[in-house]
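Beneath this line is the structure, given in structure tokens, with notes to follow.
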Amino acid sequence: MTRALGWLAVAAVAAGLWAGFGYAPREVVQGNVQRIMYLHVPSVLTAYLAFGLVLVGSVGYLATRRNSFDRLASSAAEIGVLFTGITIVSGSIWGKPTWGTWWTWDARLTSTAVLFVVYVGYLLLRAMVEEPEARGRYAAVVGILGAANIPIVHFSVKWWRALHQPSTILGPEPSPIAAPIALALFVNWVALTLMFAYFLLRRMELARREEEALR
Amino acid sequence: MDLWPVLGPLVVVLALGTAGLAAVGTLFAAMTAQLRARELLFPVLLLPAQVPILLGAVSATQAVLLGQPLGEVAHWLKLLAGADVVYIVIGLLTFEFILEA
């Protein structure tokens with residue numbers, strides 16, 4: 001079952017690569033650099049999904065004290081940090097030729113950096129607590145506060161400054177993105193979401209076996 | 001500089017900022033006090049949680065000291081108040097989980 005999902009994810013990533021490099025046209029203004037978007041945008045959406053699941057797992061663990069919720073939260077946090085890292089690195093590589101700088105303290109860059117630090121802190125906290133039950137409780141509190149913090153950080157940093165273009169896909173107006181580009185983006189988003197689901201199931205299974213081995 | 005004319009607005013900003021810093025600081029301090037490497041973990045956890053409070057409080061204080069009315073920084077005050085409510089409510093709801101056992 002999990003293995004089939006893995007192969008499905010591989011097939012979807014292959015389709016995503018073809019959609020991004022073969023099917024989608026070369027962007028008029030930015031040229032080929034724009035193709036980084038097919039990795040950048042799906043990565044950040046996947047990271048948000050992951051941190052949403054950290055919240056679900058954290059609340060679930062405090063409410064029920066079932067270890068499966070703790071495994072969900074910790075596994076999703078690890079993969080979320082991975083995808084946030086991919087978002088920041090791919091954005092940097094895109095930013096150098098487009099904005100002329102690897103990094104700038106723009107609103108969305110800053111809030112993504114804060115997001116990264118929150119969940120690196122979450123993982124660090126988990127590494128510092130030996131006792132599984134206390135680790136689950138502490139991590140859950142950080143997981144809940146971290147998720148609640150995301151919108152607050154978003155607005156504070158947005159009013160502080162802005163250079164990044166506003167969100168095109170998640171905004172209220174109909175998307176101005178050309179249809180082939182939007183389709184390529186969609187295929188890559190599905191691919192990364194499947195890849196995320198596969199990683200998550202594997203990581204949770206690994207965490208379950210770790211618990212069994214240590215019991 | 002003369003602080004008396006801006007004292008009222010300044011107190012509002014200070015109160016909102018301090019409440020948020022204290023709420024989230026107390027929560028994380030209670031947690032990390034029980035851990036090894038607490039000197040490392042406490043600031044790592046605290047800093048990102050305090051980013052919005054610090055940005056809001058510093059921006060609002062700057063405007064108030066320049067003599068602008070509080071209406072100019074209403075969005076920051078709302079953000080600070082919202083962050084205070086979120087941190088205090090989450091703090092109250094989760095504090096018992098930190099102290100148990």
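Residues in the structure tokens are named by chain (A, B, ... in the order shown) and by number from 1 within that chain; ligands are numbered from 1 in the order shown.
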
Next item on the list: With a distance cut-off of 12 Å and only C-alpha atoms, select the neighbouring residues of Val142 in chain A, excluding the residue or stretch itself and same-chain residues fewer than 5 positions from it, and output the selection as a PyMOL selection string.
Entry: (chain A and resi 51+54-55+57-59+62+73-74+77+118-126+135-137+147-149) or (chain B and resi 24+27-28+31-32+41-42+44-46+48-49+87+90-91+94-95+97-98)

Next item on the list: Tell me the residues of chain A close to chain B, meaning within 10 Å using only C-alpha atoms, as a ChimeraX atom specification.
Entry: /A:62,111,113-122,124-125,128-130,133-134,137-142,144-146,148-157,159-160

Note to self: For range 198-207 of chain A, find every residue with an atom within 6 Å (counting only C-alpha atoms), except residues of its own chain fewer than 5 positions away, and show them as number ranges by chain.
What the structure shows: A: 6, 71, 75

Produce a file of the selected residues containing C-alpha atoms, as a tab-separated table (two decimals), in the first residue's frame.
chain	number	residue	atom	x	y	z
A	6	GLY	CA	5.70	5.64	-3.35
A	71	ARG	CA	4.20	10.27	15.72
A	75	SER	CA	7.01	13.10	11.40

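Remark: for Pro5 in chain B, the closest of the candidate residues B:Ala33, B:Leu65, B:Leu21, B:Val58 is B:Leu65 (distances computed over only C-alpha atoms).
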
Checklist line | Residue set, range 8-207 of chain A restricted to alpha helix (DSSP H), as JSON, numbers by chain | finding: {"A": [8, 9, 10, 11, 12, 13, 14, 15, 16, 17, 18, 37, 38, 39, 40, 41, 42, 43, 44, 45, 46, 47, 48, 49, 50, 51, 52, 53, 54, 55, 56, 57, 58, 59, 60, 61, 62, 63, 64, 67, 68, 69, 70, 71, 72, 73, 74, 75, 76, 77, 78, 79, 80, 81, 82, 83, 84, 85, 86, 87, 88, 89, 90, 91, 92, 93, 94, 95, 96, 97, 98, 99, 107, 108, 109, 110, 111, 112, 113, 114, 115, 116, 117, 118, 119, 120, 121, 122, 123, 124, 125, 126, 127, 128, 132, 133, 134, 135, 136, 137, 138, 139, 140, 141, 142, 143, 144, 145, 146, 147, 148, 149, 150, 151, 152, 153, 154, 155, 156, 157, 158, 159, 160, 179, 180, 181, 182, 183, 184, 185, 186, 187, 188, 189, 190, 191, 192, 193, 194, 195, 196, 197, 198, 199, 200, 201, 202, 203, 204, 205, 206, 207]}

Note to self: Would you pick out the contacts of Ala19 in chain B at 8 Å or less, using only C-alpha atoms, so that residues sharing its chain but fewer than 4 positions from it are not included, and give the list as a PyMOL selection string?
What the structure shows: chain B and resi 15+23+84

Next item on the list: For CA of Trp4 in chain B and CA of Gly67 in chain B, quote the distance in Å rounded to one decimal.
Entry: 11.2 Å

Checklist line | 12 Å contact set for Gln68 in chain B, only C-alpha atoms, chain neighbours under 6 positions out, as a ChimeraX atom specification | finding: /B:5-6,9-10,59-62,74

Checklist line | Shell around range 97-105 of chain A at 12 Å using only C-alpha atoms, local window under 3 positions removed, as a list in words | finding: Val29, Gln30, Gly31, Asn32, Val33, Gln34, Ile36, Ile88, Val89, Ser90, Gly91, Ser92, Ile93, Trp94, Arg108, Leu109, Thr110, Ser111, Thr112, Ala113, Val114, Val157, Lys158, Trp160, Arg161, Ala162, Leu163, His164 and Gln165 of chain A

Could those selected residues go to a file with N, CA, C and O atoms, as a short mmCIF file (atom, residue, chain, number, x, y, z; two decimals), in the first residue's frame?
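File again_31.cif, as written:
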data_model
loop_
_atom_site.label_atom_id
_atom_site.label_comp_id
_atom_site.auth_asym_id
_atom_site.auth_seq_id
_atom_site.Cartn_x
_atom_site.Cartn_y
_atom_site.Cartn_z
N VAL A 29 9.27 37.10 -19.80
CA VAL A 29 10.10 38.11 -19.15
C VAL A 29 11.31 37.50 -18.45
O VAL A 29 12.44 37.93 -18.65
N GLN A 30 11.04 36.47 -17.63
CA GLN A 30 12.11 35.92 -16.78
C GLN A 30 12.94 34.85 -17.48
O GLN A 30 14.05 34.54 -17.03
N GLY A 31 12.41 34.26 -18.56
CA GLY A 31 13.13 33.17 -19.21
C GLY A 31 13.02 31.89 -18.41
O GLY A 31 12.09 31.70 -17.62
N ASN A 32 14.02 31.01 -18.59
CA ASN A 32 13.96 29.68 -17.97
C ASN A 32 14.02 29.71 -16.45
O ASN A 32 13.62 28.75 -15.80
N VAL A 33 14.54 30.81 -15.89
CA VAL A 33 14.64 30.90 -14.43
C VAL A 33 13.28 30.71 -13.78
O VAL A 33 13.16 30.16 -12.69
N GLN A 34 12.24 31.15 -14.48
CA GLN A 34 10.88 31.06 -13.94
C GLN A 34 10.51 29.62 -13.59
O GLN A 34 9.69 29.38 -12.71
N ILE A 36 11.86 27.52 -11.87
CA ILE A 36 12.08 27.20 -10.45
C ILE A 36 10.76 27.26 -9.69
O ILE A 36 10.56 26.56 -8.70
N ILE A 88 13.10 27.89 0.69
CA ILE A 88 14.02 29.00 0.91
C ILE A 88 15.20 28.92 -0.08
O ILE A 88 15.57 29.92 -0.70
N VAL A 89 15.75 27.72 -0.25
CA VAL A 89 16.90 27.56 -1.15
C VAL A 89 16.50 27.84 -2.60
O VAL A 89 17.17 28.60 -3.31
N SER A 90 15.36 27.26 -3.04
CA SER A 90 14.95 27.47 -4.43
C SER A 90 14.59 28.93 -4.66
O SER A 90 14.90 29.49 -5.73
N GLY A 91 14.00 29.58 -3.66
CA GLY A 91 13.67 31.00 -3.79
C GLY A 91 14.92 31.86 -3.90
O GLY A 91 14.97 32.82 -4.65
N SER A 92 15.94 31.45 -3.14
CA SER A 92 17.22 32.16 -3.18
C SER A 92 17.84 32.11 -4.57
O SER A 92 18.31 33.10 -5.12
N ILE A 93 17.83 30.87 -5.14
CA ILE A 93 18.44 30.66 -6.46
C ILE A 93 17.67 31.45 -7.52
O ILE A 93 18.26 31.99 -8.46
N TRP A 94 16.36 31.56 -7.34
CA TRP A 94 15.54 32.34 -8.27
C TRP A 94 15.77 33.84 -8.04
O TRP A 94 15.78 34.63 -8.98
N ARG A 108 7.67 38.31 3.00
CA ARG A 108 7.38 36.87 2.91
C ARG A 108 8.65 36.05 3.15
O ARG A 108 8.58 34.94 3.67
N LEU A 109 9.79 36.57 2.76
CA LEU A 109 11.04 35.86 3.05
C LEU A 109 11.26 35.79 4.55
O LEU A 109 11.61 34.74 5.10
N THR A 110 11.02 36.91 5.23
CA THR A 110 11.23 36.94 6.67
C THR A 110 10.26 35.99 7.38
O THR A 110 10.67 35.22 8.26
N SER A 111 8.97 36.01 6.97
CA SER A 111 8.03 35.14 7.68
C SER A 111 8.34 33.67 7.40
O SER A 111 8.15 32.82 8.28
N THR A 112 8.83 33.35 6.20
CA THR A 112 9.21 31.96 5.93
C THR A 112 10.43 31.57 6.77
O THR A 112 10.51 30.45 7.28
N ALA A 113 11.37 32.50 6.94
CA ALA A 113 12.54 32.23 7.78
C ALA A 113 12.11 31.99 9.22
O ALA A 113 12.61 31.07 9.89
N VAL A 114 11.15 32.79 9.70
CA VAL A 114 10.65 32.62 11.07
C VAL A 114 9.98 31.25 11.21
O VAL A 114 10.21 30.52 12.18
N VAL A 157 5.01 40.96 9.74
CA VAL A 157 6.12 41.16 8.82
C VAL A 157 5.65 41.85 7.55
O VAL A 157 6.38 42.64 6.95
N LYS A 158 4.39 41.59 7.15
CA LYS A 158 3.85 42.20 5.95
C LYS A 158 3.77 43.73 6.11
O LYS A 158 4.09 44.48 5.19
N TRP A 160 5.54 45.39 8.07
CA TRP A 160 6.89 45.90 8.35
C TRP A 160 7.57 46.26 7.03
O TRP A 160 8.20 47.29 6.91
N ARG A 161 7.43 45.46 5.99
CA ARG A 161 7.99 45.73 4.66
C ARG A 161 7.49 44.75 3.60
O ARG A 161 6.95 43.72 3.92
N ALA A 162 7.70 45.08 2.32
CA ALA A 162 7.25 44.19 1.23
C ALA A 162 8.02 44.39 -0.09
O ALA A 162 8.17 45.50 -0.55
N LEU A 163 8.54 43.27 -0.67
CA LEU A 163 9.17 43.27 -2.00
C LEU A 163 8.69 42.08 -2.82
O LEU A 163 8.46 42.17 -4.03
N HIS A 164 8.48 40.93 -2.11
CA HIS A 164 7.99 39.72 -2.76
C HIS A 164 6.65 40.03 -3.40
O HIS A 164 5.83 40.74 -2.84
N GLN A 165 6.40 39.45 -4.60
CA GLN A 165 5.10 39.66 -5.21
C GLN A 165 4.04 39.01 -4.32
O GLN A 165 4.31 38.00 -3.68
#
